[in-house]
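Working notes for the structure below.
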Amino acid sequence: MRAHPTRLWVIDTPSTSYVVALDEHDRLRGLHWGPRLTREQAASLPELPEAVGRSVTDGCDAVLDLTPASAFRYGANGVQVRFADGARELELAFTEAVEAERELTLVFTDAHYGLELRTRYRAFADSDVIERTLTLRNRGAEPIEVIRADSASWVVPEREDYRLTQLYGEWGAETRLHRTTLPFGETHLGSRRGITGHQSNPWVAIDDGTAGEAHGEVWSTALAWSGTWRLTVEKAPTGRVAVSVGSGHDPVSVSLAPGEELETPVAAGLYASEGFAASAAAWHDYARAHVLPHPEELRPVAYNSWEATEFDISAEGQAALAERAAAMGCELFVMDDGWFSSRVHDRAGLGDWHPNPDRFPDGLGPLIKHVHELGMRFGLWVEPEMVNPDSELYRAHPDWVYHRPHRRRSEMRHQLVLNLARADVAEWMHAWLDELLSRNEIDFLKWDMNRPFSEAGWPGEADPDRLWSEHTRNLYRVLDRLRADHPRLRIESCASGGGRVDFGILRRTDQVWTSDNTDAVDRIAIQEGLAQVYPAKVMGAWVTDAPNPFTRRSVPLDFRFHVAMAGVLAVGGDLDAWTEGERERGAELVADYKRIRHLVQHGRRRPLRAGAVKGVQYGLDGETAVLAWRLGRRLGYRDPLVKLAGLDPAARYRERGTERVHHGAVLASHGLDLRLRLDDYASAMVHLVEE
Ligand code: GLA
């Protein structure tokens with residue numbers, strides 16, 4: 001971190017610099033977010049003319065790095081409070097800069113009310129991602145209402161035009177990649193549901209409209225938070241753009257007591273100069289280096305029983321499926337919903353976390369032992385934040401759910417949300433999970449969360465809106481404690497598929513359930529979107545039956561496998577119903593995946609596209625895996641060759657299996673012949689090893 005006498009600071013990453021400076025009113029301006037600058041170069045930035053509006057009040061819209069509501073601030077304000085006397089404007093004075101290696105904290109204090117803000121920047125030696133947080137401390141004598149406390153406002157450099165890339169979606173169709181010209185005004189993305197949400201992932205990218213996969217500047221930001229959130233992209237009339245992001249949603253606010261401190265979640269930002277694929281790869285590297293708890297591990301090939309059995313499970317049936325899964329090469333057997341109390345359908349039992357005595361008269365022990373003897377790890381589905389009204393738990397603690405005295409308790413999937421913001425509920429949740437994990441050799445939990453909040457009240461609590469953030473904080477605390485006390489435990493984050501995918505949950509889980517939609521064709525787009533931010537090693541992908549139970553589409557087994565092999569491959573079909581030939585071919589494809597999974601999970605991802613043929617390439621240390629697919633083919637045209645990138649043009653690459661030898665230069669300039677079958681839904685996996 002370099003300080004400058006004129007109150008200017010430079011945050012350096014390996015190939016980028018981020019520059020902020022105070023103006024004469026102690027406003028923090030974002031001066032640069034782009035290629036590396038020397039200290040001397042950065043120091044010249046304040047001399048550049050600014051894009052000023054015609055009106056005197058427009059001068060600081062979308063150019064500030066810290067955006068408190070204050071006089072003449074009519075645009076997006078990332079920090080909004082209400083003091084005890086009703087005042088809403090902040091008058092901040094810069095207090096000090098605290099600098100450490102690759103860290104900078106700038107401290108501001110309100111002139112009268114004693115509210116202290118600390119905006120913090122953290123860089124890494126091996127990543128261009130910058131992490132930011134904001135801390136609010138009430139140093140006054142009266143409570144302060146905090147309406148908005150964004151983790152960061154990122155000022156995007158001035159360009160002729162701007163394009164927004166977002167990941168939108170819904171259940172069964174998460175993380176859909178969408179690019180659109182940025183309009184003037186404020187564009188809001190967010191979640192008011194209590195969780196990250198299927199509808200929008202807390203990440204956006206901005207470019208000038210000309211970036212492509214392999215070229216162009218891309219600015220992006222991601223929020224590491226699994227509760228409600230809001231991201232505002234502001235394009236001021238001057239043409240300037242800034243992105244402000246933080247947890248919480250309107251109209252929720254919390255009260256900060258005298259002496260109390262509030263620290264926001266991390267907002268991470270990245271400038272990438274070589275296109276969307278490089279930007280995505282940088283996010284993946286960051287996730288592996290600084291987010292995931294066990295980045296070095298390869299995720300096992302799982303079998304999950306949900307689509308095969310749904311609620312109709314028995315100890316014998318699960319054991320038989322486990323045997324088939326083991327024979328196919330699966331390494332983790334996950335028993336899904338339906339194993340506990342009266343949970344034989346979705347109308348009862350959630351909250352009563354003891355094995356169903358009819359289905360598992362001797363507990364889970366015998367099944368777990370059997371699975372372990374088959375050489376697999378054992379995983380279990382849980383949904384700890386929920387309760388069915390028809391349960392012992394709800395009958396004993398009807399006040400443990402979010403509710404309001406004079407409103408109905410709206411159910412979704414016959415369930416209500418437990419008030420995890422309550423300390424006693426968090427304690428209860430930790431206790432039963434800890435006991436379950438202590439008594440049974442469980443290696444993996446699929447942690448589900450199947451409905452959003454509604455009537456989110458907390459009767460009797462003085463500051464009830466706190467539930468929105470406390471729920472997520474207590475979720476994190478329970479996960480952290482369980483992980484610390486059960487070090488071999490690995491966790492999958494699920495919320496009806498991909499409803500809780502973000503860098504906050506990924507700090508304490510190992511993978512996510514990408515989508516309940518297991519149709520391989522639909523999955524291509526869902527996975528493409530997820531891969532803009534999150535690495536393949538968190539992207540759970542099952543191969544299920546044909547026709548697909550959701551879409552009724554039938555696609556070949558190889559196609560289903562090849563699409564799932566682009567993430568963390570798992571099997572989720574009814575293996576009893578598969579033919580002997582399908583099971584044998586499945587075993588071959590699982591073995592194929594194990595040969596390339598170090599590349600998929602730890603390699604550099606590059607998207608592939610050649611006409612109707614699409615796919616993805618993962619490369620690491622002279623090895624490359626190509627996974628490609630084509631839906632339909634036109635008569636009279638052969639499938640195009642697929643050009644590969646990132647190879648050594650002087651090197652030769654041997655294709656595993658066929659032993660064909662390819663030249664790097666030819667693969668790059670002409671492409672690889674995938675030899676796809678002529679039929680619809682053709683697919684291929686090619687593993688190239690440098691000679
Ligand atoms: C959710 C999950 C599914 C499955 C069911 C079980 O829908 O997303 O994968 O676990 O719950 O009820």
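Scheme for the structure tokens: letters A, B, ... for chains in order shown; per-chain residue numbers from 1; ligand numbers from 1 in order shown.
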Please identify all polymer residues within 8 Å of Ala566 in chain A, counting only C-alpha atoms, omitting same-chain residues fewer than 4 positions from it, and present them as a PDB file with all heavy atoms, in the first residue's frame.
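Written file, result.pdb:
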ATOM      1  N   ALA A 536     -15.465 -24.736 -11.152  1.00  0.00           N
ATOM      2  CA  ALA A 536     -16.131 -26.012 -11.445  1.00  0.00           C
ATOM      3  C   ALA A 536     -16.108 -26.938 -10.243  1.00  0.00           C
ATOM      4  O   ALA A 536     -16.980 -27.791 -10.102  1.00  0.00           O
ATOM      5  CB  ALA A 536     -15.456 -26.677 -12.642  1.00  0.00           C
ATOM      6  N   HIS A 562     -21.215 -36.158 -20.135  1.00  0.00           N
ATOM      7  CA  HIS A 562     -20.224 -35.164 -20.558  1.00  0.00           C
ATOM      8  C   HIS A 562     -20.574 -33.767 -20.046  1.00  0.00           C
ATOM      9  O   HIS A 562     -19.699 -33.007 -19.664  1.00  0.00           O
ATOM     10  CB  HIS A 562     -20.073 -35.187 -22.076  1.00  0.00           C
ATOM     11  CG  HIS A 562     -19.325 -36.399 -22.546  1.00  0.00           C
ATOM     12  ND1 HIS A 562     -19.598 -37.033 -23.726  1.00  0.00           N
ATOM     13  CD2 HIS A 562     -18.324 -37.111 -21.969  1.00  0.00           C
ATOM     14  CE1 HIS A 562     -18.792 -38.079 -23.865  1.00  0.00           C
ATOM     15  NE2 HIS A 562     -18.011 -38.144 -22.811  1.00  0.00           N
ATOM     16  N   VAL A 600     -10.518 -30.420 -14.454  1.00  0.00           N
ATOM     17  CA  VAL A 600     -11.811 -29.727 -14.320  1.00  0.00           C
ATOM     18  C   VAL A 600     -11.822 -28.914 -13.026  1.00  0.00           C
ATOM     19  O   VAL A 600     -12.211 -27.739 -13.012  1.00  0.00           O
ATOM     20  CB  VAL A 600     -12.969 -30.753 -14.318  1.00  0.00           C
ATOM     21  CG1 VAL A 600     -14.302 -30.059 -14.026  1.00  0.00           C
ATOM     22  CG2 VAL A 600     -13.027 -31.512 -15.632  1.00  0.00           C
ATOM     23  N   VAL A 616     -16.321 -26.741 -23.203  1.00  0.00           N
ATOM     24  CA  VAL A 616     -15.424 -26.093 -22.276  1.00  0.00           C
ATOM     25  C   VAL A 616     -14.108 -26.864 -22.245  1.00  0.00           C
ATOM     26  O   VAL A 616     -14.079 -28.065 -22.465  1.00  0.00           O
ATOM     27  CB  VAL A 616     -16.105 -25.997 -20.884  1.00  0.00           C
ATOM     28  CG1 VAL A 616     -16.453 -27.360 -20.343  1.00  0.00           C
ATOM     29  CG2 VAL A 616     -15.307 -25.213 -19.901  1.00  0.00           C
ATOM     30  N   LEU A 627     -14.452 -30.906 -23.067  1.00  0.00           N
ATOM     31  CA  LEU A 627     -15.795 -31.482 -22.985  1.00  0.00           C
ATOM     32  C   LEU A 627     -16.654 -30.670 -23.935  1.00  0.00           C
ATOM     33  O   LEU A 627     -16.699 -29.436 -23.834  1.00  0.00           O
ATOM     34  CB  LEU A 627     -16.336 -31.389 -21.558  1.00  0.00           C
ATOM     35  CG  LEU A 627     -15.591 -32.268 -20.554  1.00  0.00           C
ATOM     36  CD1 LEU A 627     -15.749 -31.753 -19.144  1.00  0.00           C
ATOM     37  CD2 LEU A 627     -16.076 -33.711 -20.661  1.00  0.00           C
TER      38      LEU A 627
END
### Query
Which residues come within 6 Å of Ala69 in chain A, counting only C-alpha atoms, excluding same-chain residues fewer than 4 positions away, as a PyMOL selection string?
chain A and resi 77+80+89
Selection to disk with N, CA and C atoms, as an mmCIF file, in the first residue's frame:
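Wrote result05.cif, looks like this:
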data_model
loop_
_atom_site.group_PDB
_atom_site.id
_atom_site.type_symbol
_atom_site.label_atom_id
_atom_site.label_comp_id
_atom_site.auth_asym_id
_atom_site.auth_seq_id
_atom_site.Cartn_x
_atom_site.Cartn_y
_atom_site.Cartn_z
ATOM 1 N N ASN A 77 -26.826 6.151 -2.563
ATOM 2 C CA ASN A 77 -26.026 6.305 -1.366
ATOM 3 C C ASN A 77 -25.841 4.959 -0.675
ATOM 4 N N GLN A 80 -26.501 4.937 4.624
ATOM 5 C CA GLN A 80 -27.661 5.750 5.006
ATOM 6 C C GLN A 80 -28.014 5.432 6.456
ATOM 7 N N GLU A 89 -28.307 13.245 7.262
ATOM 8 C CA GLU A 89 -27.115 13.592 6.487
ATOM 9 C C GLU A 89 -25.869 13.304 7.320
#
### Query
Distance CA of Ala224 in chain A-CA of Ala267 in chain A, one decimal place?
6.1 Å
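Compared by their closest atoms to Ile368 in chain A, and using only C-alpha atoms, the residues A:Thr119, A:Ser342, A:Gln318, A:Ser469 rank with A:Gln318 nearest.
The neighbours of range 667-683 of chain A here are the residues that come within 7 Å of it, using only C-alpha atoms and leaving out any residue fewer than 6 positions away in the same chain; they are Val555, Pro556, Asp558, Phe559, His562, Ala628, Trp629, Arg630, Leu631, Gly632, Arg633, Leu641, Val642, Lys643, Leu644 and Ala645 of chain A.
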### Query
Using only C-alpha atoms and all ligand atoms, which of the listed residues (A:Ser305, A:Gln199, A:Ser438, A:Thr105) sits closest to ligand 1?
A:Ser305
Range 573-588 of chain A surroundings by only C-alpha atoms, 7 Å radius, close-in-sequence under 2 positions cut, as an mmCIF file with C-alpha atoms, in the first residue's frame:
data_model
loop_
_atom_site.group_PDB
_atom_site.id
_atom_site.type_symbol
_atom_site.label_atom_id
_atom_site.label_comp_id
_atom_site.auth_asym_id
_atom_site.auth_seq_id
_atom_site.Cartn_x
_atom_site.Cartn_y
_atom_site.Cartn_z
ATOM 1 C CA GLU A 307 -34.503 -38.568 -7.947
ATOM 2 C CA ALA A 308 -34.420 -42.358 -7.656
ATOM 3 C CA LEU A 321 -28.565 -48.316 -4.486
ATOM 4 C CA ARG A 324 -24.911 -50.139 -7.566
ATOM 5 C CA MET A 328 -20.194 -47.586 -10.945
ATOM 6 C CA GLY A 329 -17.230 -45.976 -9.222
ATOM 7 C CA VAL A 543 -26.462 -37.589 -14.247
ATOM 8 C CA THR A 544 -30.086 -38.663 -13.984
ATOM 9 C CA ASP A 545 -32.589 -40.687 -15.939
ATOM 10 C CA VAL A 571 -24.934 -39.772 -10.380
ATOM 11 C CA VAL A 590 -17.056 -42.202 -14.189
ATOM 12 C CA ALA A 591 -13.574 -43.615 -14.769
ATOM 13 C CA ASP A 592 -13.057 -41.121 -17.620
#
#### Entry: Near-ligand residues for ligand 1, threshold 10 Å, only C-alpha atoms and all ligand atoms, as a PyMOL selection string
chain A and resi 171-172+304-307+310-311+335-338+343+345-346+380-383+413+446-451+493-499+513-518+572
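In this model, the gap between CA of Asp352 in chain A and CA of Glu392 in chain A comes to 6.4 Å.
The protein and nucleic acid residues lying at most 6 Å from Thr133 in chain A are Arg120, Ser151, Thr264 and Val266 of chain A, with only C-alpha atoms considered and sequence neighbours fewer than 2 positions away removed.
Residues in contact with Leu8 in chain A at up to 8 Å, not including ones fewer than 6 positions away on its chain and judged by only C-alpha atoms, are Val19, Val20, Ala21, Leu22 and Ala43 of chain A.
Of note, CA of Tyr162 in chain A and CA of Gly248 in chain A are spaced 26.4 Å apart.
Residues of range 327-541 of chain A that DSSP, applied to the backbone, places in strand (DSSP E): Leu332, Phe333, Val334, Met335, Arg377, Phe378, Gly379, Leu380, Trp381, Val382, Met386, Val387, Leu416, Val417, Phe444, Leu445, Lys446, Trp447, Arg490, Ile491, Glu492, Ser493, Gln511, Val512, Trp513, Met539, Gly540 and Ala541 of chain A.
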### Message
I'd like to know which residues of range 430-649 of chain A are alpha helix (DSSP H) (by DSSP, run on the backbone); could you write them as a PyMOL selection string?
### Response
chain A and resi 430-439+467-485+520-530+557-564+580-602
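For the residues A:Ala100, A:Ala93, A:Leu298, A:Leu445, ranking by smallest atom-to-atom distance to Arg595 in chain A using only C-alpha atoms places A:Leu298 first.
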### Task
Excluding Ala426 in chain A and any residue of its chain fewer than 5 positions from it, enumerate the residues within 12 Å of it, using only C-alpha atoms, and give them as a VMD selection string.
chain A and resid 384 to 385 400 418 to 421 431 to 434 470 to 479 481
### Query
From the set A:Gly375, A:Gly603, A:Gly529, A:Pro405, which residue has the shortest atom-to-atom contact distance to Glu296 in chain A, counting only C-alpha atoms?
A:Gly603
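If you measure from each of A:Ser191, A:Ser15, A:Ser454, A:Thr509 to Leu37 in chain A using only C-alpha atoms, the closest one turns out to be A:Ser15.
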### Summary
Residue with the minimum atom-to-atom distance to Met376 in chain A, picked from A:Pro14, A:Ala326, A:Tyr394, A:Asp362 with only C-alpha atoms counted, is A:Ala326
